[in-house]
Amino acid sequence: MSSSHEHSVRSTISLWFGAAGLILLPLGALGTRYGLWSHNIGIVMVMLAFLCALVPVALFIGFAWHPGFRAERRSLSIGMLMGLIPLTVAAYLYSAGGSAPMIHDISTDTVRPPQYLAAVRQRKPDDNALEWTESVAMLQRKAYPDLNAIESTLTAGQALDKARQVALDLGWEIIDSVSRPGHLEAVATTFWFGFKDDIVIRVEPGAGGSVIDLRSASRVGRGDLGANAKRIKRFIENFKAS
């Protein structure tokens with residue numbers, strides 16, 4: 001094989017794998033969101049996007065700066081830039097939740113977590129179970145020791161009304177607020193994949209007013225990259241700030 005042909009093949013591989021990474025990344029996520037395939041297929045497509053992106057970056061590092069490959073430096077650079085986009089997303093996801101424990105159910109009360117009612121009816125048979133276990137509680141307490149209930153001077157009724165408004169402000173869909181006193185359930189939909197995460201809020205009378213506990217659980221996925229804990233923390237911050 002001639003040197004020029006080798007150069008052509010290398011440049012072509014770089015561009016094709018770079019383009020594949022750019023296409024698979026949004027396609028896997030958006031296809032899952034709009035029901036074109038299951039979340040498992042979507043996640044595999046995104047993982048393939050990350051793997052494809054490594055190829056043009058590796059080719060650029062290996063050949064672009066060598067004096068003998070100046071003719072293909074431009075194409076290798078283009079492939080590398082395409083590959084950097086999925087890899088940047090991968091780096092962001094890892095930095096945002098790479099250290100999170102492999103759990104998908106988070107509660108401000110790990111001893112007596114709020115219980116779901118409406119979410120049980122909405123979940124599919126193959127979705128994650130909603131049974132709370134001590135092993136999950138132990139992992140959560142270790143990872144998020146500062147995640148606690150809100151203690152408010154508001155009455156239980158006032159706190160529930162405020163909790164409902166904060167949930168709406170966060171873009172959550174309220175699915176139950178009448179099943180029992182002090183009980184509110186909502187669904188949060190993730191941006192890219194459209195994953196559904198269920199939230200239950202429990203408001204009880206407290207010594208100084210009321211106590212508000214939250215629980216957030218993902219319907220799919222063994223881990224959540226810390227998403228449920230972040231969602232609860234954001235609610236707590238907004239509740240206290242408003």
# chains A, B, ... in the order shown; residues from 1 in each chain; ligands from 1
call {"tool": "select_by_dssp", "arguments": {"residues": "region 4-149 of chain A", "states": "helix (DSSP H, G or I)", "output": "ChimeraX atom specification"}}
result
/A:4-33,39-64,67-97,118-122,134-143
call {"tool": "residues_around", "arguments": {"residues": "Gly79 (chain A)", "least_positions_apart": "4", "cutoff": "6 Å", "atoms": "only C-alpha atoms", "output": "PyMOL selection string"}}
result
chain A and resi 14-15+18+56
call {"tool": "write_last_selection", "arguments": {"atoms": "C-alpha atoms", "output": "PDB file, in the first residue's frame"}}
result
ATOM      1  CA  SER A  14     -10.705  10.110  11.269  1.00  0.00           C
ATOM      2  CA  LEU A  15     -13.525  11.983   9.559  1.00  0.00           C
ATOM      3  CA  GLY A  18     -15.636  11.804  14.189  1.00  0.00           C
ATOM      4  CA  PRO A  56      -9.923  10.721  15.511  1.00  0.00           C
TER       5      PRO A  56
END
call {"tool": "residues_around", "arguments": {"residues": "Arg112 (chain A)", "least_positions_apart": "6", "cutoff": "12 Å", "atoms": "only C-alpha atoms", "output": "mmCIF file with N, CA and C atoms, in the first residue's frame"}}
result
data_model
loop_
_atom_site.group_PDB
_atom_site.id
_atom_site.type_symbol
_atom_site.label_atom_id
_atom_site.label_comp_id
_atom_site.auth_asym_id
_atom_site.auth_seq_id
_atom_site.Cartn_x
_atom_site.Cartn_y
_atom_site.Cartn_z
ATOM 1 N N GLU A 131 -39.155 -0.278 46.473
ATOM 2 C CA GLU A 131 -38.914 -0.712 47.849
ATOM 3 C C GLU A 131 -37.631 -0.088 48.375
ATOM 4 N N TRP A 132 -37.700 0.469 49.560
ATOM 5 C CA TRP A 132 -36.545 1.098 50.194
ATOM 6 C C TRP A 132 -35.765 0.048 50.978
ATOM 7 N N THR A 133 -34.451 0.031 50.837
ATOM 8 C CA THR A 133 -33.631 -0.957 51.534
ATOM 9 C C THR A 133 -32.579 -0.264 52.390
ATOM 10 N N GLU A 134 -32.115 -0.943 53.410
ATOM 11 C CA GLU A 134 -31.107 -0.382 54.293
ATOM 12 C C GLU A 134 -29.770 -0.226 53.578
ATOM 13 N N ALA A 137 -29.914 3.028 51.916
ATOM 14 C CA ALA A 137 -29.826 4.071 52.939
ATOM 15 C C ALA A 137 -28.382 4.280 53.399
ATOM 16 N N ALA A 149 -34.124 16.830 55.962
ATOM 17 C CA ALA A 149 -35.454 17.406 55.796
ATOM 18 C C ALA A 149 -35.410 18.925 55.985
ATOM 19 N N ARG A 202 -43.437 14.813 51.425
ATOM 20 C CA ARG A 202 -44.255 14.571 52.622
ATOM 21 C C ARG A 202 -44.118 15.758 53.565
ATOM 22 N N ASP A 213 -40.160 16.453 53.917
ATOM 23 C CA ASP A 213 -39.230 15.443 53.419
ATOM 24 C C ASP A 213 -39.495 15.181 51.948
ATOM 25 N N LEU A 214 -38.427 14.881 51.216
ATOM 26 C CA LEU A 214 -38.529 14.575 49.789
ATOM 27 C C LEU A 214 -37.851 13.247 49.485
ATOM 28 N N ARG A 215 -38.346 12.637 48.436
ATOM 29 C CA ARG A 215 -37.716 11.423 47.910
ATOM 30 C C ARG A 215 -37.786 11.487 46.395
#
call {"tool": "residues_around", "arguments": {"residues": "region 156-159 of chain A", "least_positions_apart": "4", "cutoff": "8 Å", "atoms": "only C-alpha atoms", "output": "list in words"}}
result
Ser152, Ala163, Gly182, Val203, Glu204, Pro205, Gly209, Ser210, Val211 and Ile212 of chain A
call {"tool": "write_last_selection", "arguments": {"atoms": "N, CA and C atoms", "output": "compact mmCIF listing (two decimals), in the first residue's frame"}}
result
# COMPACT_ATOMS: atom_id res chain seq x y z
N SER A 152 -39.50 24.00 58.75
CA SER A 152 -40.09 25.30 58.40
C SER A 152 -40.98 25.81 59.53
N ALA A 163 -44.59 24.02 48.73
CA ALA A 163 -43.88 22.92 48.07
C ALA A 163 -44.44 22.68 46.68
N GLY A 182 -50.92 16.17 53.36
CA GLY A 182 -49.48 16.38 53.41
C GLY A 182 -48.70 15.56 52.40
N VAL A 203 -45.24 16.34 53.94
CA VAL A 203 -45.26 17.48 54.86
C VAL A 203 -45.98 17.06 56.13
N GLU A 204 -45.32 17.19 57.26
CA GLU A 204 -45.89 16.82 58.55
C GLU A 204 -45.74 17.97 59.54
N PRO A 205 -46.64 18.06 60.51
CA PRO A 205 -46.49 19.08 61.55
C PRO A 205 -45.19 18.84 62.34
N GLY A 209 -43.38 24.25 63.50
CA GLY A 209 -44.22 24.53 62.33
C GLY A 209 -44.47 23.27 61.52
N SER A 210 -43.53 22.93 60.64
CA SER A 210 -43.70 21.75 59.80
C SER A 210 -42.34 21.18 59.39
N VAL A 211 -42.37 19.92 58.96
CA VAL A 211 -41.17 19.23 58.46
C VAL A 211 -41.48 18.71 57.07
N ILE A 212 -40.63 19.04 56.11
CA ILE A 212 -40.84 18.64 54.72
C ILE A 212 -39.75 17.66 54.30
call {"tool": "closest_residue", "arguments": {"among": "A:Gly35, A:Gly98, A:Pro125, A:Pro67", "to": "Gly223 (chain A)", "atoms": "only C-alpha atoms"}}
result
A:Gly98
call {"tool": "closest_atom_pairs", "arguments": {"of": "region 87-167 of chain A", "to": "region 235-239 of chain A", "cutoff": "8 Å", "atoms": "only C-alpha atoms", "output": "CSV"}}
result
residue,atom,partner,partner_atom,distance
A:Ile150,CA,A:Ile236,CA,7.0
A:Lys162,CA,A:Phe239,CA,7.4
A:Ala163,CA,A:Phe239,CA,6.9
A:Val166,CA,A:Phe239,CA,6.3
A:Ala167,CA,A:Phe235,CA,7.3
call {"tool": "write_last_selection", "arguments": {"atoms": "N, CA and C atoms", "output": "compact mmCIF listing (two decimals), in the first residue's frame"}}
result
# COMPACT_ATOMS: atom_id res chain seq x y z
N ILE A 150 -36.43 19.59 55.46
CA ILE A 150 -36.59 21.03 55.66
C ILE A 150 -37.43 21.25 56.91
N LYS A 162 -46.64 25.77 49.45
CA LYS A 162 -45.37 26.31 48.97
C LYS A 162 -44.57 25.25 48.23
N ALA A 163 -44.59 24.02 48.73
CA ALA A 163 -43.88 22.92 48.07
C ALA A 163 -44.44 22.68 46.68
N VAL A 166 -43.10 25.46 44.40
CA VAL A 166 -41.68 25.26 44.09
C VAL A 166 -41.53 24.15 43.06
N ALA A 167 -42.29 23.07 43.22
CA ALA A 167 -42.23 21.96 42.27
C ALA A 167 -42.62 22.43 40.87
call {"tool": "residues_around", "arguments": {"residues": "region 71-76 of chain A", "least_positions_apart": "5", "cutoff": "9 Å", "atoms": "only C-alpha atoms", "output": "list in words"}}
result
His7, Ser8, Arg10, Ser11, Thr12, Ser14, Leu15, Pro56, Val57, Leu59, Phe60, Phe63, Ala64, Trp65 and Leu81 of chain A
call {"tool": "closest_residue", "arguments": {"among": "A:Asp109, A:Asp161, A:Asp127, A:Asp169", "to": "Arg141 (chain A)", "atoms": "only C-alpha atoms"}}
result
A:Asp109
call {"tool": "select_by_dssp", "arguments": {"residues": "chain A", "states": "strand (DSSP E or B)", "output": "PyMOL selection string"}}
result
chain A and resi 105-107+150-152+173-176+183-189+196-206+209-218
call {"tool": "closest_atom_pairs", "arguments": {"of": "region 49-131 of chain A", "to": "region 185-190 of chain A", "cutoff": "10 Å", "atoms": "only C-alpha atoms", "output": "JSON lines"}}
result
{"residue": "A:Gln115", "atom": "CA", "partner": "A:Glu185", "partner_atom": "CA", "distance": 9.7}
{"residue": "A:Tyr116", "atom": "CA", "partner": "A:Glu185", "partner_atom": "CA", "distance": 7.5}
{"residue": "A:Leu117", "atom": "CA", "partner": "A:Glu185", "partner_atom": "CA", "distance": 8.0}
{"residue": "A:Ala118", "atom": "CA", "partner": "A:Glu185", "partner_atom": "CA", "distance": 7.1}
{"residue": "A:Ala119", "atom": "CA", "partner": "A:Glu185", "partner_atom": "CA", "distance": 7.6}
call {"tool": "write_last_selection", "arguments": {"atoms": "N, CA and C atoms", "output": "CSV table (one decimal), in the first residue's frame"}}
result
chain,number,residue,atom,x,y,z
A,115,GLN,N,-43.5,7.6,51.1
A,115,GLN,CA,-43.9,6.5,50.3
A,115,GLN,C,-44.7,7.0,49.0
A,116,TYR,N,-44.5,6.3,47.9
A,116,TYR,CA,-45.1,6.6,46.7
A,116,TYR,C,-46.5,6.0,46.6
A,117,LEU,N,-47.4,6.7,46.0
A,117,LEU,CA,-48.8,6.1,45.7
A,117,LEU,C,-49.0,6.2,44.2
A,118,ALA,N,-49.1,7.4,43.7
A,118,ALA,CA,-49.4,7.5,42.2
A,118,ALA,C,-48.3,6.9,41.4
A,119,ALA,N,-47.1,7.1,41.8
A,119,ALA,CA,-45.9,6.6,40.9
A,119,ALA,C,-46.0,5.1,40.8
